[in-house]
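Visitor: Input run-v8.txt, format and content: compact mmCIF, C-alpha atoms and all ligand atoms.
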# COMPACT_ATOMS: atom_id res chain seq x y z
CA MET A 22 -132.55 -104.78 -54.23
CA MET A 23 -130.58 -103.99 -57.39
CA ASN A 24 -130.76 -100.28 -56.68
CA SER A 25 -129.44 -100.47 -53.15
CA LYS A 26 -126.52 -102.68 -54.32
CA LYS A 27 -125.62 -100.09 -56.95
CA ILE A 28 -125.64 -97.32 -54.32
CA ILE A 29 -123.27 -99.32 -52.10
CA GLN A 30 -120.95 -99.97 -55.08
CA THR A 31 -120.94 -96.26 -55.99
CA LEU A 32 -120.24 -95.27 -52.41
CA SER A 33 -117.41 -97.79 -52.22
CA LYS A 34 -115.83 -96.33 -55.33
CA ARG A 35 -116.03 -92.82 -53.85
CA GLN A 36 -114.60 -94.06 -50.63
CA LYS A 37 -111.83 -95.80 -52.51
CA ILE A 38 -110.92 -92.58 -54.30
CA PHE A 39 -111.10 -90.65 -51.03
CA TYR A 40 -108.86 -93.03 -49.17
CA SER A 41 -106.44 -93.32 -52.08
CA THR A 42 -106.11 -89.54 -52.16
CA ILE A 43 -105.46 -89.43 -48.39
CA PHE A 44 -102.89 -92.22 -48.76
CA LEU A 45 -101.03 -90.50 -51.62
CA LEU A 46 -101.10 -87.19 -49.76
CA SER A 47 -99.64 -88.83 -46.66
CA LEU A 48 -96.88 -90.40 -48.74
CA PHE A 49 -96.12 -87.03 -50.29
CA LEU A 50 -96.01 -85.33 -46.87
CA LEU A 51 -93.80 -88.08 -45.46
CA TYR A 52 -91.42 -87.80 -48.41
CA SER A 53 -91.33 -84.00 -48.07
CA ALA A 54 -90.60 -84.25 -44.34
CA LYS A 55 -87.79 -86.70 -45.04
CA SER A 56 -86.34 -84.49 -47.74
CA PHE A 57 -86.59 -81.59 -45.38
CA SER A 58 -84.81 -83.53 -42.63
CA GLN A 59 -81.94 -84.26 -45.01
CA GLN A 60 -78.90 -82.21 -44.05
CA THR A 61 -75.38 -81.69 -45.28
CA ILE A 62 -71.97 -81.16 -43.70
CA THR A 63 -69.05 -79.74 -45.64
CA GLY A 64 -65.49 -80.13 -44.43
CA LEU A 65 -62.01 -81.25 -45.36
CA LEU A 66 -62.09 -85.04 -45.31
CA TYR A 67 -59.81 -86.38 -42.56
CA THR A 68 -58.25 -88.93 -44.91
CA ASP A 69 -56.93 -86.60 -47.61
CA LYS A 70 -57.78 -83.08 -46.39
CA LYS A 71 -59.82 -82.35 -49.54
CA PRO A 72 -63.32 -80.80 -49.35
CA VAL A 73 -66.39 -83.03 -49.33
CA THR A 74 -70.07 -82.60 -48.65
CA ILE A 75 -71.70 -85.35 -46.65
CA THR A 76 -75.43 -85.80 -46.90
CA ILE A 77 -77.30 -87.23 -43.93
CA LYS A 78 -80.68 -88.87 -44.23
CA ASP A 79 -82.61 -90.77 -41.57
CA GLY A 80 -79.61 -90.82 -39.25
CA LYS A 81 -77.34 -92.38 -41.86
CA ILE A 82 -74.77 -91.15 -44.33
CA ALA A 83 -76.63 -90.93 -47.64
CA GLY A 84 -73.84 -89.52 -49.79
CA ILE A 85 -70.29 -88.21 -49.81
CA LYS A 86 -69.51 -85.88 -52.67
CA ARG A 87 -66.29 -84.14 -53.60
CA VAL A 88 -66.72 -80.37 -53.83
CA SER A 89 -64.41 -77.83 -55.36
CA LYS A 90 -64.00 -75.55 -52.38
CA MET A 91 -64.96 -74.77 -48.82
CA LEU A 92 -67.27 -71.96 -47.82
CA LYS A 93 -65.72 -68.70 -46.68
CA GLY A 94 -64.80 -68.76 -42.99
CA THR A 95 -64.81 -72.57 -42.82
CA GLN A 96 -61.70 -73.26 -44.92
CA ASN A 97 -59.96 -75.09 -42.07
CA TYR A 98 -62.88 -77.22 -40.90
CA PHE A 99 -62.14 -80.93 -40.94
CA VAL A 100 -64.73 -83.68 -41.02
CA ALA A 101 -64.16 -87.13 -39.50
CA PRO A 102 -66.11 -90.00 -37.98
CA GLY A 103 -67.11 -89.42 -34.37
CA MET A 104 -64.56 -90.88 -31.97
CA ILE A 105 -65.08 -94.18 -30.14
CA ASP A 106 -63.66 -94.31 -26.61
CA ASN A 107 -63.25 -97.84 -25.27
CA GLN A 108 -62.34 -96.95 -21.71
CA VAL A 109 -64.46 -94.32 -20.01
CA ASN A 110 -64.55 -94.69 -16.22
CA GLY A 111 -66.63 -91.56 -15.84
CA TYR A 112 -66.95 -88.04 -17.17
CA ALA A 113 -67.93 -84.55 -16.08
CA GLY A 114 -68.16 -85.42 -12.38
CA VAL A 115 -70.05 -88.68 -13.00
CA SER A 116 -68.32 -91.94 -12.08
CA PHE A 117 -69.58 -95.27 -13.42
CA THR A 118 -68.18 -97.32 -10.55
CA PHE A 119 -67.49 -95.46 -7.36
CA LEU A 120 -70.83 -93.98 -6.50
CA GLY A 121 -72.06 -97.09 -4.76
CA GLY A 122 -75.47 -97.12 -6.39
CA GLU A 123 -75.96 -93.41 -6.80
CA LEU A 124 -75.46 -93.56 -10.53
CA THR A 125 -78.57 -92.09 -12.15
CA SER A 126 -80.10 -91.65 -15.59
CA GLU A 127 -79.33 -87.94 -15.33
CA GLY A 128 -75.70 -88.76 -14.51
CA VAL A 129 -75.31 -91.02 -17.55
CA ARG A 130 -76.94 -88.39 -19.72
CA LYS A 131 -74.66 -85.66 -18.34
CA ALA A 132 -71.57 -87.77 -19.03
CA THR A 133 -72.80 -88.64 -22.54
CA GLU A 134 -73.49 -85.01 -23.44
CA ALA A 135 -70.07 -83.94 -22.15
CA LEU A 136 -68.49 -86.69 -24.29
CA TRP A 137 -70.43 -85.47 -27.34
CA LYS A 138 -69.03 -82.00 -26.68
CA ASP A 139 -65.55 -83.51 -26.84
CA GLY A 140 -66.24 -85.32 -30.12
CA VAL A 141 -66.88 -88.81 -28.73
CA THR A 142 -70.00 -90.27 -30.33
CA THR A 143 -69.63 -93.84 -29.05
CA TYR A 144 -68.19 -94.93 -25.74
CA ILE A 145 -67.78 -98.00 -23.61
CA PRO A 146 -68.48 -97.19 -19.97
CA THR A 147 -65.81 -98.96 -17.95
CA LEU A 148 -66.43 -100.33 -14.49
CA THR A 149 -63.36 -100.93 -12.38
CA THR A 150 -62.57 -103.03 -9.31
CA SER A 151 -65.28 -102.72 -6.70
CA SER A 152 -67.64 -104.86 -4.64
CA ASN A 153 -69.99 -107.24 -6.40
CA GLU A 154 -72.89 -105.22 -5.04
CA VAL A 155 -71.73 -101.91 -6.55
CA LEU A 156 -70.79 -103.50 -9.88
CA LYS A 157 -74.13 -105.27 -10.17
CA LYS A 158 -76.11 -102.18 -9.25
CA ASN A 159 -74.28 -99.92 -11.68
CA PHE A 160 -74.31 -102.46 -14.51
CA THR A 161 -78.07 -102.70 -14.07
CA ILE A 162 -78.44 -98.91 -14.36
CA LEU A 163 -76.05 -98.67 -17.32
CA GLY A 164 -77.70 -101.62 -19.07
CA ARG A 165 -80.99 -99.80 -18.90
CA GLU A 166 -79.49 -96.49 -20.04
CA LYS A 167 -77.82 -98.14 -23.01
CA ASN A 168 -81.28 -98.45 -24.52
CA ASN A 169 -82.37 -94.91 -23.63
CA PRO A 170 -83.34 -93.44 -27.03
CA GLU A 171 -82.19 -89.98 -25.89
CA LEU A 172 -78.60 -91.25 -25.83
CA LEU A 173 -78.89 -92.10 -29.55
CA GLY A 174 -77.01 -95.39 -29.30
CA SER A 175 -73.82 -93.76 -28.02
CA ILE A 176 -73.25 -96.47 -25.41
CA ALA A 177 -72.02 -99.51 -27.33
CA GLY A 178 -71.65 -101.86 -24.37
CA PHE A 179 -69.41 -102.14 -21.34
CA HIS A 180 -65.85 -102.85 -20.30
CA LEU A 181 -65.13 -104.53 -16.97
CA GLU A 182 -61.57 -103.66 -15.92
CA GLY A 183 -60.90 -105.76 -12.83
CA PRO A 184 -61.70 -106.99 -10.25
CA PHE A 185 -59.79 -110.04 -11.59
CA ILE A 186 -56.38 -108.34 -11.67
CA SER A 187 -53.03 -108.54 -9.90
CA PRO A 188 -53.21 -107.74 -6.17
CA LEU A 189 -49.58 -106.54 -6.24
CA ASP A 190 -48.79 -102.88 -5.61
CA GLY A 191 -47.77 -101.11 -8.79
CA PHE A 192 -49.41 -103.63 -11.12
CA ARG A 193 -52.75 -103.09 -9.39
CA GLY A 194 -52.57 -99.34 -10.01
CA ALA A 195 -55.34 -97.38 -8.28
CA HIS A 196 -57.69 -100.38 -7.99
CA PRO A 197 -58.60 -100.90 -4.30
CA LEU A 198 -56.89 -104.06 -2.99
CA ARG A 199 -59.83 -105.12 -0.80
CA TYR A 200 -61.98 -105.73 -3.88
CA VAL A 201 -59.38 -107.50 -6.05
CA ARG A 202 -60.34 -111.15 -6.50
CA LYS A 203 -59.61 -114.23 -8.60
CA PRO A 204 -61.39 -114.67 -11.93
CA ASP A 205 -64.83 -116.07 -11.26
CA TRP A 206 -66.91 -117.06 -14.29
CA ASN A 207 -70.12 -117.29 -12.26
CA GLU A 208 -69.69 -113.79 -10.91
CA PHE A 209 -68.87 -112.50 -14.37
CA GLN A 210 -71.99 -114.09 -15.81
CA GLU A 211 -74.06 -112.56 -13.04
CA LEU A 212 -72.61 -109.10 -13.79
CA ASN A 213 -73.10 -109.56 -17.50
CA LYS A 214 -76.71 -110.54 -16.91
CA ALA A 215 -77.21 -107.39 -14.79
CA SER A 216 -75.88 -105.34 -17.74
CA GLY A 217 -78.39 -106.92 -20.11
CA ASN A 218 -75.61 -109.10 -21.57
CA ASN A 219 -73.82 -106.00 -22.77
CA ILE A 220 -70.29 -106.54 -21.43
CA LEU A 221 -68.09 -106.36 -24.52
CA GLU A 222 -64.69 -106.63 -22.86
CA VAL A 223 -63.10 -107.77 -19.63
CA THR A 224 -59.55 -106.83 -18.63
CA ILE A 225 -57.87 -109.39 -16.40
CA ALA A 226 -54.46 -110.48 -15.10
CA PRO A 227 -53.68 -113.79 -16.85
CA GLU A 228 -51.34 -115.05 -14.12
CA THR A 229 -54.12 -115.19 -11.51
CA GLU A 230 -55.60 -118.55 -10.46
CA GLY A 231 -58.29 -119.70 -12.88
CA ALA A 232 -57.54 -116.96 -15.44
CA MET A 233 -56.82 -119.34 -18.34
CA GLU A 234 -60.15 -121.18 -18.03
CA PHE A 235 -61.83 -117.79 -17.66
CA ILE A 236 -60.23 -116.55 -20.92
CA SER A 237 -61.39 -119.67 -22.77
CA LYS A 238 -64.93 -119.18 -21.51
CA CYS A 239 -64.89 -115.52 -22.58
CA LYS A 240 -63.66 -116.53 -26.03
CA GLU A 241 -66.49 -119.06 -26.30
CA ALA A 242 -69.02 -116.43 -25.23
CA GLY A 243 -67.67 -113.81 -27.66
CA ILE A 244 -66.35 -111.50 -24.91
CA ILE A 245 -63.16 -109.60 -25.76
CA VAL A 246 -60.33 -110.33 -23.29
CA GLY A 247 -57.85 -107.59 -22.48
CA LEU A 248 -54.68 -108.20 -20.49
CA GLY A 249 -54.00 -105.50 -17.94
CA HIS A 250 -52.80 -104.72 -14.42
CA HIS A 251 -50.74 -107.89 -14.50
CA ASN A 252 -47.23 -109.24 -14.04
CA ALA A 253 -47.43 -112.21 -16.40
CA THR A 254 -44.41 -114.07 -17.74
CA THR A 255 -43.82 -114.71 -21.44
CA ASP A 256 -45.31 -118.24 -21.20
CA ILE A 257 -48.43 -116.95 -19.51
CA VAL A 258 -48.91 -114.13 -22.02
CA ASN A 259 -48.48 -116.65 -24.85
CA GLU A 260 -51.01 -119.03 -23.37
CA ALA A 261 -53.48 -116.20 -22.71
CA VAL A 262 -53.23 -115.12 -26.36
CA ASN A 263 -53.51 -118.75 -27.54
CA ARG A 264 -56.73 -118.99 -25.55
CA GLY A 265 -58.15 -115.83 -27.08
CA ALA A 266 -56.87 -112.66 -25.36
CA VAL A 267 -56.66 -110.00 -28.06
CA ILE A 268 -55.61 -106.72 -26.54
CA ALA A 269 -53.18 -105.33 -23.95
CA THR A 270 -55.15 -102.75 -22.00
CA HIS A 271 -53.53 -99.29 -21.60
CA PHE A 272 -50.20 -100.87 -22.49
CA GLY A 273 -47.23 -99.47 -20.55
CA ASN A 274 -49.44 -98.49 -17.61
CA GLY A 275 -50.88 -100.69 -14.88
CA CYS A 276 -47.32 -101.91 -14.40
CA ALA A 277 -44.93 -101.44 -11.46
CA ASN A 278 -42.17 -98.84 -11.79
CA MET A 279 -39.43 -101.33 -10.88
CA ILE A 280 -39.33 -104.31 -13.25
CA ASN A 281 -36.64 -106.68 -14.53
CA ARG A 282 -35.18 -105.30 -17.75
CA HIS A 283 -35.18 -108.74 -19.42
CA ILE A 284 -38.12 -110.50 -17.85
CA ASN A 285 -41.19 -108.32 -17.53
CA PRO A 286 -44.75 -108.26 -18.87
CA LEU A 287 -44.04 -105.59 -21.51
CA TRP A 288 -41.74 -107.46 -23.92
CA PRO A 289 -43.95 -110.52 -24.58
CA GLN A 290 -47.00 -108.34 -25.21
CA LEU A 291 -45.04 -106.08 -27.50
CA ALA A 292 -43.48 -109.05 -29.31
CA ASP A 293 -46.72 -110.94 -30.01
CA ASP A 294 -48.17 -109.75 -33.32
CA ARG A 295 -51.55 -111.25 -32.47
CA LEU A 296 -52.03 -108.82 -29.61
CA MET A 297 -53.40 -105.32 -30.14
CA ILE A 298 -52.65 -102.56 -27.65
CA SER A 299 -54.59 -99.65 -26.27
CA ILE A 300 -52.50 -96.70 -25.13
CA ILE A 301 -53.22 -93.53 -23.17
CA VAL A 302 -51.69 -90.65 -25.10
CA ASP A 303 -52.60 -87.80 -22.75
CA GLY A 304 -49.02 -86.54 -22.34
CA PHE A 305 -48.74 -87.85 -18.77
CA HIS A 306 -49.17 -91.64 -18.81
CA LEU A 307 -46.45 -92.48 -21.36
CA ASN A 308 -43.31 -90.69 -22.49
CA PRO A 309 -43.10 -89.69 -26.16
CA GLU A 310 -40.39 -92.27 -26.89
CA GLU A 311 -42.54 -95.06 -25.40
CA ILE A 312 -45.44 -94.04 -27.63
CA ARG A 313 -43.16 -93.93 -30.66
CA VAL A 314 -41.76 -97.41 -29.96
CA PHE A 315 -45.15 -98.99 -29.20
CA TYR A 316 -46.60 -97.45 -32.35
CA LYS A 317 -43.67 -98.55 -34.50
CA VAL A 318 -44.00 -102.13 -33.25
CA LYS A 319 -47.80 -102.49 -33.40
CA GLY A 320 -48.59 -100.12 -36.26
CA THR A 321 -51.81 -98.22 -36.93
CA ASP A 322 -54.08 -101.25 -37.32
CA LYS A 323 -53.12 -102.84 -34.00
CA THR A 324 -53.21 -99.72 -31.88
CA ILE A 325 -56.21 -98.14 -30.20
CA ILE A 326 -55.92 -94.80 -28.48
CA THR A 327 -57.96 -94.73 -25.33
CA SER A 328 -58.59 -92.01 -22.76
CA ASP A 329 -59.08 -94.18 -19.64
CA VAL A 330 -60.73 -91.03 -18.49
CA THR A 331 -62.19 -90.63 -15.02
CA SER A 332 -65.03 -88.55 -13.63
CA TYR A 333 -62.60 -85.64 -13.15
CA SER A 334 -62.51 -84.89 -16.86
CA SER A 335 -64.33 -81.80 -17.97
CA LEU A 336 -64.12 -80.38 -14.40
CA PRO A 337 -62.30 -77.16 -13.49
CA PRO A 338 -58.70 -77.52 -12.21
CA GLY A 339 -58.43 -77.79 -8.43
CA LYS A 340 -58.36 -80.25 -5.54
CA TYR A 341 -60.99 -82.94 -5.08
CA LEU A 342 -61.63 -85.79 -2.66
CA ASN A 343 -61.87 -89.21 -4.29
CA SER A 344 -64.14 -92.08 -3.17
CA GLU A 345 -61.35 -93.40 -0.96
CA GLY A 346 -61.10 -90.05 0.82
CA ASP A 347 -57.74 -89.13 -0.76
CA THR A 348 -57.02 -85.65 -2.07
CA ILE A 349 -56.63 -85.57 -5.83
CA GLU A 350 -55.49 -82.59 -7.83
CA LEU A 351 -56.42 -81.71 -11.38
CA THR A 352 -53.70 -79.36 -12.63
CA THR A 353 -54.25 -76.59 -15.15
CA GLU A 354 -52.32 -78.74 -17.68
CA GLY A 355 -54.93 -81.50 -17.24
CA MET A 356 -52.80 -83.84 -15.12
CA LEU A 357 -54.66 -85.78 -12.45
CA ARG A 358 -52.37 -86.58 -9.50
CA TYR A 359 -52.06 -87.24 -5.81
CA PRO A 360 -50.45 -83.94 -4.73
CA ALA A 361 -48.82 -85.50 -1.63
CA GLN A 362 -46.85 -88.10 -3.61
CA GLY A 363 -46.79 -86.25 -6.93
CA VAL A 364 -47.87 -89.43 -8.79
CA LEU A 365 -50.64 -89.92 -11.34
CA ALA A 366 -54.13 -90.63 -10.03
CA GLY A 367 -55.68 -91.50 -13.40
CA SER A 368 -56.59 -89.59 -16.51
CA ALA A 369 -58.74 -86.51 -17.01
CA SER A 370 -57.90 -85.83 -20.65
CA PRO A 371 -60.50 -86.26 -23.38
CA LEU A 372 -59.77 -88.62 -26.27
CA LYS A 373 -59.33 -85.71 -28.71
CA LYS A 374 -56.15 -84.80 -26.84
CA GLY A 375 -54.79 -88.28 -27.58
CA VAL A 376 -55.52 -87.82 -31.30
CA ALA A 377 -53.62 -84.53 -31.41
CA ASN A 378 -50.76 -85.89 -29.28
CA VAL A 379 -50.25 -89.07 -31.28
CA MET A 380 -49.89 -87.03 -34.49
CA LYS A 381 -47.36 -84.77 -32.78
CA VAL A 382 -45.35 -87.54 -31.12
CA THR A 383 -45.28 -90.19 -33.86
CA GLY A 384 -45.68 -88.01 -36.92
CA CYS A 385 -48.58 -90.18 -38.09
CA SER A 386 -51.18 -88.69 -40.41
CA MET A 387 -54.59 -87.41 -39.36
CA GLU A 388 -56.13 -90.40 -41.12
CA GLU A 389 -53.96 -92.82 -39.10
CA ALA A 390 -54.65 -91.01 -35.84
CA PHE A 391 -58.40 -91.18 -36.45
CA ARG A 392 -58.26 -94.81 -37.47
CA MET A 393 -56.93 -95.55 -33.97
CA VAL A 394 -60.00 -93.94 -32.36
CA THR A 395 -62.68 -94.90 -34.88
CA THR A 396 -62.14 -97.79 -37.30
CA ASN A 397 -60.03 -99.96 -34.96
CA PRO A 398 -62.34 -99.90 -31.94
CA ALA A 399 -65.35 -100.37 -34.26
CA ARG A 400 -63.67 -103.45 -35.75
CA LEU A 401 -62.64 -104.88 -32.36
CA TYR A 402 -66.12 -104.57 -30.85
CA HIS A 403 -67.95 -105.54 -34.07
CA LEU A 404 -69.66 -102.15 -34.32
CA ASP A 405 -70.19 -102.60 -38.04
CA ASP A 406 -72.51 -99.60 -38.38
CA ARG A 407 -69.88 -96.99 -37.44
CA GLY A 408 -66.19 -96.09 -37.32
CA VAL A 409 -65.82 -94.82 -40.91
CA LEU A 410 -67.40 -92.21 -43.16
CA GLU A 411 -69.20 -94.37 -45.71
CA VAL A 412 -72.62 -94.35 -47.30
CA GLY A 413 -75.01 -96.41 -45.21
CA LYS A 414 -73.10 -96.04 -41.93
CA ARG A 415 -74.49 -94.18 -38.93
CA ALA A 416 -74.06 -90.44 -39.32
CA ASP A 417 -71.77 -90.14 -36.28
CA ILE A 418 -69.69 -87.25 -37.50
CA ILE A 419 -67.53 -84.48 -36.07
CA LEU A 420 -66.49 -81.19 -37.58
CA PHE A 421 -63.36 -79.71 -36.02
CA GLN A 422 -60.40 -77.39 -36.36
CA ILE A 423 -56.80 -77.88 -35.31
CA VAL A 424 -55.72 -74.91 -33.22
CA ASP A 425 -52.34 -74.84 -31.45
CA ASN A 426 -51.97 -78.58 -32.10
CA GLN A 427 -55.28 -79.37 -30.38
CA LEU A 428 -58.63 -80.49 -31.77
CA VAL A 429 -61.35 -77.87 -31.34
CA ILE A 430 -64.73 -79.50 -31.89
CA ILE A 431 -67.14 -77.35 -33.89
CA ASN A 432 -70.11 -79.71 -34.34
CA THR A 433 -70.92 -83.23 -33.23
CA TYR A 434 -73.61 -85.30 -34.95
CA VAL A 435 -74.85 -88.56 -33.46
CA ASN A 436 -77.07 -90.78 -35.55
CA GLY A 437 -77.61 -87.77 -37.82
CA LYS A 438 -78.66 -85.44 -35.03
CA LEU A 439 -76.71 -82.31 -34.22
CA VAL A 440 -75.94 -82.82 -30.53
CA TYR A 441 -73.24 -80.21 -30.05
CA GLU A 442 -72.54 -76.85 -31.57
CA ASN A 443 -69.53 -74.82 -30.44
CA LYS A 444 -71.19 -71.47 -29.88
CA ASP A 445 -68.03 -69.82 -28.50
CA LEU A 446 -66.41 -70.23 -31.86
CA PHE A 447 -69.10 -68.28 -33.65
CA LYS A 448 -69.11 -65.43 -31.13
CA LYS A 449 -65.61 -64.39 -32.23
ZN ZN B 501 -56.33 -99.54 -15.56
How does this structure look as structure tokens?
Ligand SMILES: [Zn+2]

Guide:
Amino acid sequence: MMNSKKIIQTLSKRQKIFYSTIFLLSLFLLYSAKSFSQQTITGLLYTDKKPVTITIKDGKIAGIKRVSKMLKGTQNYFVAPGMIDNQVNGYAGVSFTFLGGELTSEGVRKATEALWKDGVTTYIPTLTTSSNEVLKKNFTILGREKNNPELLGSIAGFHLEGPFISPLDGFRGAHPLRYVRKPDWNEFQELNKASGNNILEVTIAPETEGAMEFISKCKEAGIIVGLGHHNATTDIVNEAVNRGAVIATHFGNGCANMINRHINPLWPQLADDRLMISIIVDGFHLNPEEIRVFYKVKGTDKTIITSDVTSYSSLPPGKYLNSEGDTIELTTEGMLRYPAQGVLAGSASPLKKGVANVMKVTGCSMEEAFRMVTTNPARLYHLDDRGVLEVGKRADIILFQIVDNQLVIINTYVNGKLVYENKDLFKK
């Protein structure tokens, strides 16, 4: 009896040693793999244009260290946080609204990869005015894709622009009149549910019937309210802001060409310091002097540069048929227009163009320009894990050059993973 007990004890000790060794070895291997996966990026920091080396570990920024100089051949490489685009209607031939249920996982992936290539590491797919059926269907698909691990958390949530906007020509913009309707909280809740409760922002016209109650409900539910495609008076804008509206969507656009010079929706939105603005700085939607004035009034912290980009971005110049059967032309300069009328048909310019243009037009610094596409949208949508280069934040990082006043993306990292490498650049 005693002997057998001793044997068991001895065996247990051996087993203990064996398992301890295996455990320590595993820890060592795990640590080595992690150390191995650690990577570094060296570039001129976008804030002060001085060289730094950023260390990435487990998808996060593990360190930012000043270095004395840049490596040969990379002296003009800048490093900045990946851009955040808060209004993406589609990309690279993929539309988030108009496909009537044909939106697929592959389509969302294609759009995301094309955005990565253009330096956007986080985006907010934007669904515009359409039928309840199409919106519900596409929100369901996008809500599912938001959690697709292959997209690395690049979809932050969604923006619903319309259908609760002004039905008036000019203010309505390109939104189809037959689908414009009054704000309906029940419908909104239904759409939000379809998206997995991921709608971050809704852009509405505050002068429409029921809009004020709708804004209050959004505020209560933590949904950002944007004012857009509207013809609201000063009193209405004031009340909308009092109730919780925080941003004027693509300010200066979504407005009729002919407005009263004294009484129009632009002045009250510009005058109210509580209201942020988003602006499209693609060189076609606003004139340089408008951008300069808007920026002077609102300042860096209350301005977000958006692309409002459509599915025509990243496509070759030429003529296309839109979902309404109209001919649309993408010019070699990147302007998207109806050739018959010669008027804009939306945007096809990536956000990086807005960053370059805002520096050129306003004279703002690179740091300020990037703040308007990184820190500000991150703050507005409570994306606390991104929007700046800081230890502990997601390693959503871009490396780029400025060539002929345009951003040329060299590398894009999302959650620490290299998702885009500009091979053309290295061929030269
Ligand atoms: Zn719009």

Visitor: When the cut-off is 8 Å and you count only C-alpha atoms and all ligand atoms, which residues lie near ligand ZN 501 (chain B), shown as a ChimeraX atom specification?

Guide: /A:149,182,193-196,249-250,270-271,274-275,329

Visitor: Using only C-alpha atoms for the distances, tell me which of A:Thr95, A:Asn153, A:Asn207, A:Asn107 is nearest to Ile298 (chain A).

Guide: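 So, comparing all the options, the nearest one is A:Asn107.
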
Visitor: Which polymer residues, protein or nucleic acid, are no farther than 12 Å from (-40.7, -109.0, -23.9), counting only C-alpha atoms, as a ChimeraX atom specification?

Guide: /A:252-259,280-293

Visitor: In Å, with one decimal, what is the gap from CA of Gly413 (chain A) to CA of Gly80 (chain A)?

Guide: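 Distance between the two atoms: 9.4 Å.
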
Visitor: Please compute the CA of Asn219 (chain A)-CA of Val201 (chain A) distance, one decimal, in Å.

Guide: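 Value for the CA of Asn219 (chain A)-CA of Val201 (chain A) distance: 22.1 Å.
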
Visitor: Around all the atoms of region 122-127 of chain A listed in the file, draw an axis-aligned box and extend it by 6 Å on each of the six sides; I want its centre and edge lengths in Å to one decimal, as lines of an AutoDock Vina configuration file.

Guide:
center_x = -77.8
center_y = -92.5
center_z = -11.0
size_x = 16.6
size_y = 21.2
size_z = 21.2

Visitor: I need the residue nearest Asp303 (chain A) from this list: A:Gly375, A:Pro146, A:Pro204, A:Pro398. Use all atoms listed in the file for the distance.

Guide: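 Once distances to Asp303 (chain A) are computed over all atoms listed in the file, the minimum belongs to A:Gly375.
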
Visitor: Please, what distance in Å, to one decimal, runs between CA of Ser370 (chain A) and CA of Ser216 (chain A)?

Guide: 26.7 Å

Visitor: List as a tab-separated table every residue of region 75-154 of chain A that is in contact with region 173-180 of chain A, defined as an atom at most 8 Å from one of its atoms (using only C-alpha atoms), together with the nearest atom pair and the distance in Å rounded to one decimal, sorted by chain and then rising number.

Guide:
residue	atom	partner	partner_atom	distance
A:Asn107	CA	A:His180	CA	7.5
A:Gln108	CA	A:His180	CA	7.0
A:Thr133	CA	A:Ser175	CA	7.6
A:Thr142	CA	A:Ser175	CA	5.7
A:Thr143	CA	A:Ser175	CA	4.3
A:Tyr144	CA	A:Ile176	CA	5.3
A:Ile145	CA	A:Phe179	CA	5.0
A:Pro146	CA	A:Phe179	CA	5.2
A:Thr147	CA	A:His180	CA	4.5
A:Leu148	CA	A:His180	CA	6.4

Visitor: Pick from A:Glu211, A:Leu156, A:Gln362, A:Ile431: nearest to Asp347 (chain A), with all atoms listed in the file counted?

Guide: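 Using all atoms listed in the file, Asp347 (chain A) sits closest to A:Gln362.
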
Visitor: If we count only C-alpha atoms and set the cut-off at 9 Å, which residues sit around region 88-91 of chain A, ignoring sequence neighbours fewer than 6 positions away in its own chain? Please answer as a PDB file with C-alpha atoms, in the coordinates of the input.

Guide:
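The resulting file, out-v3.pdb, is shown below:
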ATOM      1  CA  THR A  63     -69.050 -79.740 -45.640  1.00  0.00           C
ATOM      2  CA  GLY A  64     -65.490 -80.130 -44.430  1.00  0.00           C
ATOM      3  CA  LEU A  65     -62.010 -81.250 -45.360  1.00  0.00           C
ATOM      4  CA  LYS A  71     -59.820 -82.350 -49.540  1.00  0.00           C
ATOM      5  CA  PRO A  72     -63.320 -80.800 -49.350  1.00  0.00           C
ATOM      6  CA  VAL A  73     -66.390 -83.030 -49.330  1.00  0.00           C
ATOM      7  CA  THR A  74     -70.070 -82.600 -48.650  1.00  0.00           C
ATOM      8  CA  ASN A  97     -59.960 -75.090 -42.070  1.00  0.00           C
ATOM      9  CA  TYR A  98     -62.880 -77.220 -40.900  1.00  0.00           C
TER      10      TYR A  98
END
